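Colleague: Contents are PDB, C-alpha atoms; file name coords18.pdb:
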```pdb
ATOM      1  CA  MET A   1      38.118  25.205 -13.301
ATOM      2  CA  ALA A   2      35.207  22.843 -13.952
ATOM      3  CA  ALA A   3      31.928  23.588 -12.199
ATOM      4  CA  GLU A   4      30.975  21.350  -9.322
ATOM      5  CA  ARG A   5      28.688  18.459 -10.215
ATOM      6  CA  GLY A   6      25.325  19.185  -8.676
ATOM      7  CA  THR A   7      25.599  22.979  -8.825
ATOM      8  CA  VAL A   8      22.984  25.140 -10.513
ATOM      9  CA  PRO A   9      23.280  28.224 -12.739
ATOM     10  CA  ARG A  10      24.389  31.448 -11.095
ATOM     11  CA  GLY A  11      23.739  35.074 -11.917
ATOM     12  CA  ARG A  12      20.515  36.303 -13.479
ATOM     13  CA  HIS A  13      19.494  32.765 -14.475
ATOM     14  CA  ALA A  14      20.020  31.312 -11.012
ATOM     15  CA  PRO A  15      16.969  29.910  -9.208
ATOM     16  CA  PRO A  16      16.056  31.267  -5.756
ATOM     17  CA  LEU A  17      18.451  30.507  -2.913
ATOM     18  CA  GLU A  18      16.081  28.054  -1.245
ATOM     19  CA  VAL A  19      15.836  26.067  -4.491
ATOM     20  CA  ARG A  20      19.617  25.957  -4.880
ATOM     21  CA  LEU A  21      20.030  24.795  -1.290
ATOM     22  CA  GLU A  22      17.401  22.089  -1.731
ATOM     23  CA  ILE A  23      19.137  20.783  -4.857
ATOM     24  CA  GLN A  24      22.459  20.697  -3.023
ATOM     25  CA  ARG A  25      20.895  18.917  -0.055
ATOM     26  CA  GLU A  26      19.336  16.266  -2.278
ATOM     27  CA  ARG A  27      22.692  15.664  -3.969
ATOM     28  CA  LEU A  28      24.399  15.353  -0.595
ATOM     29  CA  PHE A  29      21.752  12.918   0.650
ATOM     30  CA  GLU A  30      22.231  10.761  -2.452
ATOM     31  CA  ALA A  31      26.005  10.861  -2.040
ATOM     32  CA  ALA A  32      25.874  10.172   1.701
ATOM     33  CA  ALA A  33      23.637   7.140   1.199
ATOM     34  CA  ALA A  34      26.076   5.775  -1.391
ATOM     35  CA  VAL A  35      29.104   6.324   0.849
ATOM     36  CA  PHE A  36      27.437   4.901   3.969
ATOM     37  CA  ALA A  37      26.333   1.834   1.999
ATOM     38  CA  ARG A  38      29.741   1.288   0.401
ATOM     39  CA  ALA A  39      32.123   2.139   3.224
ATOM     40  CA  GLY A  40      29.969   2.012   6.347
ATOM     41  CA  TYR A  41      29.218   4.865   8.712
ATOM     42  CA  ALA A  42      32.460   4.479  10.694
ATOM     43  CA  GLU A  43      34.652   4.929   7.611
ATOM     44  CA  ALA A  44      32.588   7.665   5.979
ATOM     45  CA  SER A  45      33.659  11.296   6.212
ATOM     46  CA  ALA A  46      32.495  14.733   5.177
ATOM     47  CA  GLU A  47      35.252  14.706   2.577
ATOM     48  CA  SER A  48      34.207  11.397   1.030
ATOM     49  CA  ILE A  49      30.548  12.443   0.933
ATOM     50  CA  SER A  50      31.267  15.818  -0.648
ATOM     51  CA  ARG A  51      33.596  14.180  -3.164
ATOM     52  CA  GLU A  52      30.884  11.640  -4.050
ATOM     53  CA  ALA A  53      28.465  14.520  -4.595
ATOM     54  CA  GLY A  54      30.962  16.439  -6.732
ATOM     55  CA  MET A  55      30.876  19.320  -4.260
ATOM     56  CA  SER A  56      33.362  21.039  -2.012
ATOM     57  CA  LYS A  57      33.695  20.105   1.642
ATOM     58  CA  ALA A  58      32.677  23.674   2.444
ATOM     59  CA  THR A  59      29.341  23.034   0.752
ATOM     60  CA  PHE A  60      28.838  19.961   2.911
ATOM     61  CA  TYR A  61      29.393  22.050   6.056
ATOM     62  CA  GLU A  62      26.880  24.613   4.861
ATOM     63  CA  HIS A  63      24.246  21.900   5.284
ATOM     64  CA  PHE A  64      25.524  19.656   8.095
ATOM     65  CA  ALA A  65      27.767  20.209  11.098
ATOM     66  CA  ASN A  66      29.321  16.744  10.729
ATOM     67  CA  LYS A  67      28.607  13.270   9.384
ATOM     68  CA  GLU A  68      26.401  12.456  12.390
ATOM     69  CA  GLU A  69      24.073  15.336  11.545
ATOM     70  CA  CYS A  70      24.124  14.163   7.940
ATOM     71  CA  ILE A  71      23.065  10.584   8.705
ATOM     72  CA  LEU A  72      20.369  11.765  11.119
ATOM     73  CA  ALA A  73      18.924  14.087   8.469
ATOM     74  CA  LEU A  74      19.168  11.366   5.825
ATOM     75  CA  PHE A  75      17.482   8.905   8.172
ATOM     76  CA  ASP A  76      14.629  11.330   8.868
ATOM     77  CA  GLU A  77      14.120  11.985   5.156
ATOM     78  CA  GLY A  78      14.186   8.284   4.308
ATOM     79  CA  ALA A  79      11.733   7.394   7.061
ATOM     80  CA  ARG A  80       9.402  10.198   5.986
ATOM     81  CA  THR A  81       9.466   8.927   2.397
ATOM     82  CA  VAL A  82       8.673   5.346   3.439
ATOM     83  CA  LEU A  83       5.855   6.415   5.758
ATOM     84  CA  GLN A  84       4.376   8.578   3.020
ATOM     85  CA  ALA A  85       4.527   5.742   0.489
ATOM     86  CA  MET A  86       2.856   3.352   2.925
ATOM     87  CA  ALA A  87       0.140   5.868   3.816
ATOM     88  CA  GLN A  88      -0.639   6.513   0.155
ATOM     89  CA  ALA A  89      -0.769   2.780  -0.590
ATOM     90  CA  THR A  90      -3.118   1.977   2.295
ATOM     91  CA  ALA A  91      -5.385   4.901   1.422
ATOM     92  CA  ALA A  92      -5.648   3.674  -2.166
ATOM     93  CA  ALA A  93      -6.453   0.128  -1.037
ATOM     94  CA  GLY A  94      -9.958   1.018   0.152
ATOM     95  CA  ASP A  95     -11.625   0.071   3.405
ATOM     96  CA  ASP A  96     -10.865  -3.628   3.693
ATOM     97  CA  PRO A  97      -8.394  -3.990   6.600
ATOM     98  CA  ALA A  98      -6.517  -6.960   5.138
ATOM     99  CA  GLU A  99      -6.087  -5.232   1.778
ATOM    100  CA  ARG A 100      -4.847  -2.084   3.483
ATOM    101  CA  MET A 101      -2.271  -4.118   5.416
ATOM    102  CA  ARG A 102      -1.132  -5.903   2.258
ATOM    103  CA  ALA A 103      -0.801  -2.587   0.436
ATOM    104  CA  GLY A 104       1.288  -1.127   3.251
ATOM    105  CA  ILE A 105       3.617  -4.132   3.274
ATOM    106  CA  ASN A 106       3.988  -3.985  -0.501
ATOM    107  CA  ALA A 107       4.831  -0.270  -0.404
ATOM    108  CA  PHE A 108       7.434  -0.814   2.322
ATOM    109  CA  LEU A 109       9.160  -3.592   0.412
ATOM    110  CA  GLN A 110       9.077  -1.601  -2.822
ATOM    111  CA  GLN A 111      10.903   1.226  -1.073
ATOM    112  CA  VAL A 112      13.524  -1.186   0.286
ATOM    113  CA  GLY A 113      14.050  -2.800  -3.102
ATOM    114  CA  THR A 114      14.120   0.428  -5.094
ATOM    115  CA  HIS A 115      16.290   2.565  -2.818
ATOM    116  CA  ARG A 116      19.085   0.210  -1.829
ATOM    117  CA  ASN A 117      21.579   2.726  -0.447
ATOM    118  CA  GLU A 118      18.964   4.626   1.526
ATOM    119  CA  SER A 119      17.583   1.349   2.885
ATOM    120  CA  GLN A 120      21.005   0.369   4.175
ATOM    121  CA  THR A 121      21.218   3.707   5.992
ATOM    122  CA  LEU A 122      17.729   3.282   7.472
ATOM    123  CA  LEU A 123      18.064  -0.354   8.457
ATOM    124  CA  VAL A 124      21.769  -0.997   9.047
ATOM    125  CA  GLU A 125      24.176   1.946   9.282
ATOM    126  CA  ILE A 126      22.014   4.008  11.624
ATOM    127  CA  ILE A 127      22.546   1.381  14.349
ATOM    128  CA  GLY A 128      26.258   2.181  14.621
ATOM    129  CA  ALA A 129      25.932   5.944  14.414
ATOM    130  CA  GLY A 130      25.783   6.680  18.158
ATOM    131  CA  PRO A 131      23.232   7.298  20.922
ATOM    132  CA  ARG A 132      21.324  10.036  19.115
ATOM    133  CA  ALA A 133      20.891   7.783  16.111
ATOM    134  CA  THR A 134      19.669   4.953  18.335
ATOM    135  CA  GLU A 135      17.094   7.262  19.906
ATOM    136  CA  ARG A 136      15.998   8.420  16.455
ATOM    137  CA  ARG A 137      15.650   4.834  15.238
ATOM    138  CA  ASP A 138      13.594   3.885  18.305
ATOM    139  CA  ALA A 139      11.327   6.884  17.759
ATOM    140  CA  ILE A 140      10.789   6.049  14.093
ATOM    141  CA  LEU A 141       9.920   2.431  14.892
ATOM    142  CA  GLU A 142       7.371   3.737  17.401
ATOM    143  CA  THR A 143       5.975   6.061  14.740
ATOM    144  CA  PHE A 144       5.599   3.206  12.262
ATOM    145  CA  ALA A 145       4.019   0.994  14.936
ATOM    146  CA  ASN A 146       1.575   3.699  16.005
ATOM    147  CA  ALA A 147       0.552   4.308  12.384
ATOM    148  CA  VAL A 148      -0.154   0.595  11.872
ATOM    149  CA  PHE A 149      -1.939   0.358  15.235
ATOM    150  CA  GLU A 150      -4.208   3.312  14.467
ATOM    151  CA  ASP A 151      -5.018   2.033  10.998
ATOM    152  CA  ALA A 152      -5.921  -1.402  12.361
ATOM    153  CA  ALA A 153      -7.985   0.178  15.140
ATOM    154  CA  ARG A 154     -10.263   1.721  12.528
ATOM    155  CA  ALA A 155     -11.151  -1.798  11.393
ATOM    156  CA  THR A 156     -13.517  -4.116  13.214
ATOM    157  CA  LYS A 157     -10.612  -5.827  14.957
ATOM    158  CA  GLY A 158      -7.330  -4.151  15.786
ATOM    159  CA  PHE A 159      -4.192  -5.144  17.652
ATOM    160  CA  ALA A 160      -4.476  -6.309  21.242
ATOM    161  CA  SER A 161      -1.994  -3.590  22.256
ATOM    162  CA  ARG A 162       0.494  -1.112  20.839
ATOM    163  CA  GLU A 163       3.236  -3.532  21.885
ATOM    164  CA  ASP A 164       1.790  -6.091  19.480
ATOM    165  CA  ALA A 165       1.983  -3.543  16.675
ATOM    166  CA  PHE A 166       5.550  -2.628  17.646
ATOM    167  CA  ALA A 167       6.558  -6.305  17.645
ATOM    168  CA  VAL A 168       5.313  -6.700  14.086
ATOM    169  CA  ILE A 169       7.090  -3.557  12.881
ATOM    170  CA  ALA A 170      10.352  -4.494  14.628
ATOM    171  CA  ALA A 171      10.242  -7.977  13.116
ATOM    172  CA  GLY A 172       9.605  -6.533   9.670
ATOM    173  CA  ALA A 173      12.509  -4.110  10.037
ATOM    174  CA  GLU A 174      14.846  -6.930  11.072
ATOM    175  CA  LEU A 175      13.785  -9.121   8.146
ATOM    176  CA  ALA A 176      14.369  -6.234   5.745
ATOM    177  CA  SER A 177      17.715  -5.507   7.405
ATOM    178  CA  ARG A 178      18.821  -9.104   6.912
ATOM    179  CA  HIS A 179      17.909  -8.862   3.240
ATOM    180  CA  VAL A 180      19.966  -5.663   2.844
ATOM    181  CA  ARG A 181      22.965  -7.001   4.774
ATOM    182  CA  LEU A 182      23.061 -10.627   3.687
ATOM    183  CA  GLY A 183      20.887 -10.874   0.609
ATOM    184  CA  ARG A 184      18.488 -13.226   2.397
ATOM    185  CA  PRO A 185      16.105 -13.708   0.765
ATOM    186  CA  PRO A 186      17.663 -12.711  -2.586
ATOM    187  CA  ASP A 187      14.543 -10.824  -3.667
ATOM    188  CA  VAL A 188      13.011  -8.589  -1.017
ATOM    189  CA  ARG A 189       9.567  -9.289  -2.471
ATOM    190  CA  GLU A 190       9.832 -12.811  -1.065
ATOM    191  CA  LEU A 191       9.251 -11.243   2.340
ATOM    192  CA  GLU A 192       5.760 -10.101   1.380
ATOM    193  CA  PRO A 193       3.904 -13.336   2.293
ATOM    194  CA  VAL A 194       6.051 -13.691   5.431
ATOM    195  CA  LEU A 195       5.132 -10.219   6.667
ATOM    196  CA  GLU A 196       1.519 -10.716   5.675
ATOM    197  CA  ARG A 197       1.255 -13.925   7.706
ATOM    198  CA  LEU A 198       2.991 -12.248  10.630
ATOM    199  CA  LEU A 199       0.771  -9.181  10.603
ATOM    200  CA  LEU A 200      -2.522 -10.917   9.999
ATOM    201  CA  GLY A 201      -1.576 -13.686  12.436
ATOM    202  CA  VAL A 202      -1.004 -11.218  15.265
ATOM    203  CA  LEU A 203      -4.239  -9.444  14.418
ATOM    204  CA  SER A 204      -6.154 -12.723  14.471
ATOM    205  CA  GLN A 205      -5.051 -13.301  18.072
ATOM    206  CA  ALA A 206      -6.338  -9.955  19.317
ATOM    207  CA  ARG A 207      -9.034 -10.109  21.955
TER     208      ARG A 207
END
```
The structure in this file should be written as structure tokens.
Modeller:
Amino acid sequence: MAAERGTVPRGRHAPPLEVRLEIQRERLFEAAAAVFARAGYAEASAESISREAGMSKATFYEHFANKEECILALFDEGARTVLQAMAQATAAAGDDPAERMRAGINAFLQQVGTHRNESQTLLVEIIGAGPRATERRDAILETFANAVFEDAARATKGFASREDAFAVIAAGAELASRHVRLGRPPDVRELEPVLERLLLGVLSQAR
């Protein structure tokens, strides 16, 4: 019987258990993102995800209780990756507030353009995954908004309120979602000047 795709060596050459589990989890995340993007959350199943990963369904259930737990975990991991990329980009941009904002926008759009399946999970499929997913999405948007608000507050002129920051983040998420769903605009990088004008425009109105 052929070995499962995504498994690691066993016996004396096997890596530690935590390493094996992490490798399996990464493979399942990759497979889940592909299945959610291709079939949609409603049509996805533990069986289709495990098959995509080249693993048994039993392996899937070692990591997740069901597909809801899977998409929530995938969503959390994707959001963490995007936030980390944005934080690194803004830190590298120096102290100029406008440059930091531009760097954050660029990093966000790079993540959307590079990780298509994961972006569809983050921006589209999570919306139809039930009340817990909705709560998680709301919380992540608040986290993004708070991060942008705090970064702007360190400049000479920040947002007028946290609601202003949330409005910008929500608008950016919807624009990125439209790109993922409809291909509008065809190249996600075309959103960069739009988001820049939106963000800097709101900041310019702060009192």
Colleague: Which is closest to His63 of chain A among A:Leu123, A:Val19, A:Leu198, A:Leu28, if we use only C-alpha atoms?
Modeller: A:Leu28
Colleague: With 8 Å on each side, where is the centre of the axis-aligned box around all listed atoms of segment 33-44 of chain A, and how long are its edges in Å to one decimal, as AutoDock Vina command-line options?
Modeller:
```
--center_x 29.1 --center_y 4.5 --center_z 4.7 --size_x 27.0 --size_y 22.4 --size_z 28.1
```
Colleague: Just want the 10 Å neighbourhood of Val202 of chain A, counted on all atoms listed in the file, with same-chain residues fewer than 2 positions away dropped. Output as an mmCIF file with C-alpha atoms, in the frame of the given file.
Modeller:
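Saved to around.cif:
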```cif
data_model
loop_
_atom_site.group_PDB
_atom_site.id
_atom_site.type_symbol
_atom_site.label_atom_id
_atom_site.label_comp_id
_atom_site.auth_asym_id
_atom_site.auth_seq_id
_atom_site.Cartn_x
_atom_site.Cartn_y
_atom_site.Cartn_z
ATOM 1 C CA GLY A 158 -7.330 -4.151 15.786
ATOM 2 C CA PHE A 159 -4.192 -5.144 17.652
ATOM 3 C CA ALA A 160 -4.476 -6.309 21.242
ATOM 4 C CA ASP A 164 1.790 -6.091 19.480
ATOM 5 C CA ALA A 165 1.983 -3.543 16.675
ATOM 6 C CA ALA A 167 6.558 -6.305 17.645
ATOM 7 C CA VAL A 168 5.313 -6.700 14.086
ATOM 8 C CA GLU A 196 1.519 -10.716 5.675
ATOM 9 C CA ARG A 197 1.255 -13.925 7.706
ATOM 10 C CA LEU A 198 2.991 -12.248 10.630
ATOM 11 C CA LEU A 199 0.771 -9.181 10.603
ATOM 12 C CA LEU A 200 -2.522 -10.917 9.999
ATOM 13 C CA SER A 204 -6.154 -12.723 14.471
ATOM 14 C CA GLN A 205 -5.051 -13.301 18.072
ATOM 15 C CA ALA A 206 -6.338 -9.955 19.317
#
```
Colleague: Given the file shown, determine the residues that the PyMOL selection byres ((chain A and resi 102) around 9) selects; report them as JSON, numbers by chain.
Modeller: {"A": [90, 93, 97, 98, 99, 100, 101, 103, 104, 105, 106, 107, 192, 193, 195, 196]}
Colleague: Could you check which of A:Ile23, A:Ala42, A:Leu141, A:Val112 is closest to Glu125 of chain A, using all atoms listed in the file?
Modeller: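 For Glu125 of chain A, the nearest of the given residues is A:Ala42.
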Colleague: Under the rule that all atoms listed in the file are counted, which of A:Gln84, A:Ser177, A:Asn146, A:Gln110 is the nearest residue to Leu122 of chain A?
Modeller: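 When distances to Leu122 of chain A are compared using all atoms listed in the file, the smallest one comes from A:Ser177.
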Colleague: Tell me, as an MDAnalysis selection string, which residues lie within 10 Å of Gln120 of chain A, counting only C-alpha atoms; anything in the same chain fewer than 3 positions away does not count.
Modeller: chainID A and resid 33:34 36:38 40 112 115:117 123:126 176:177 179:181
Colleague: Between atom CA of Glu68 of chain A and atom CA of Gly130 of chain A, what is the distance in Å, rounded to a tenth?
Modeller: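 Straight-line distance from atom CA of Glu68 of chain A to atom CA of Gly130 of chain A works out to 8.2 Å.
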Colleague: My list of candidates is A:Ala153, A:Leu109, A:Ile140, A:Cys70. Which is closest to Leu203 of chain A when distances are computed with all atoms listed in the file?
Modeller: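 Ranked by minimum distance to Leu203 of chain A, first place goes to A:Ala153.
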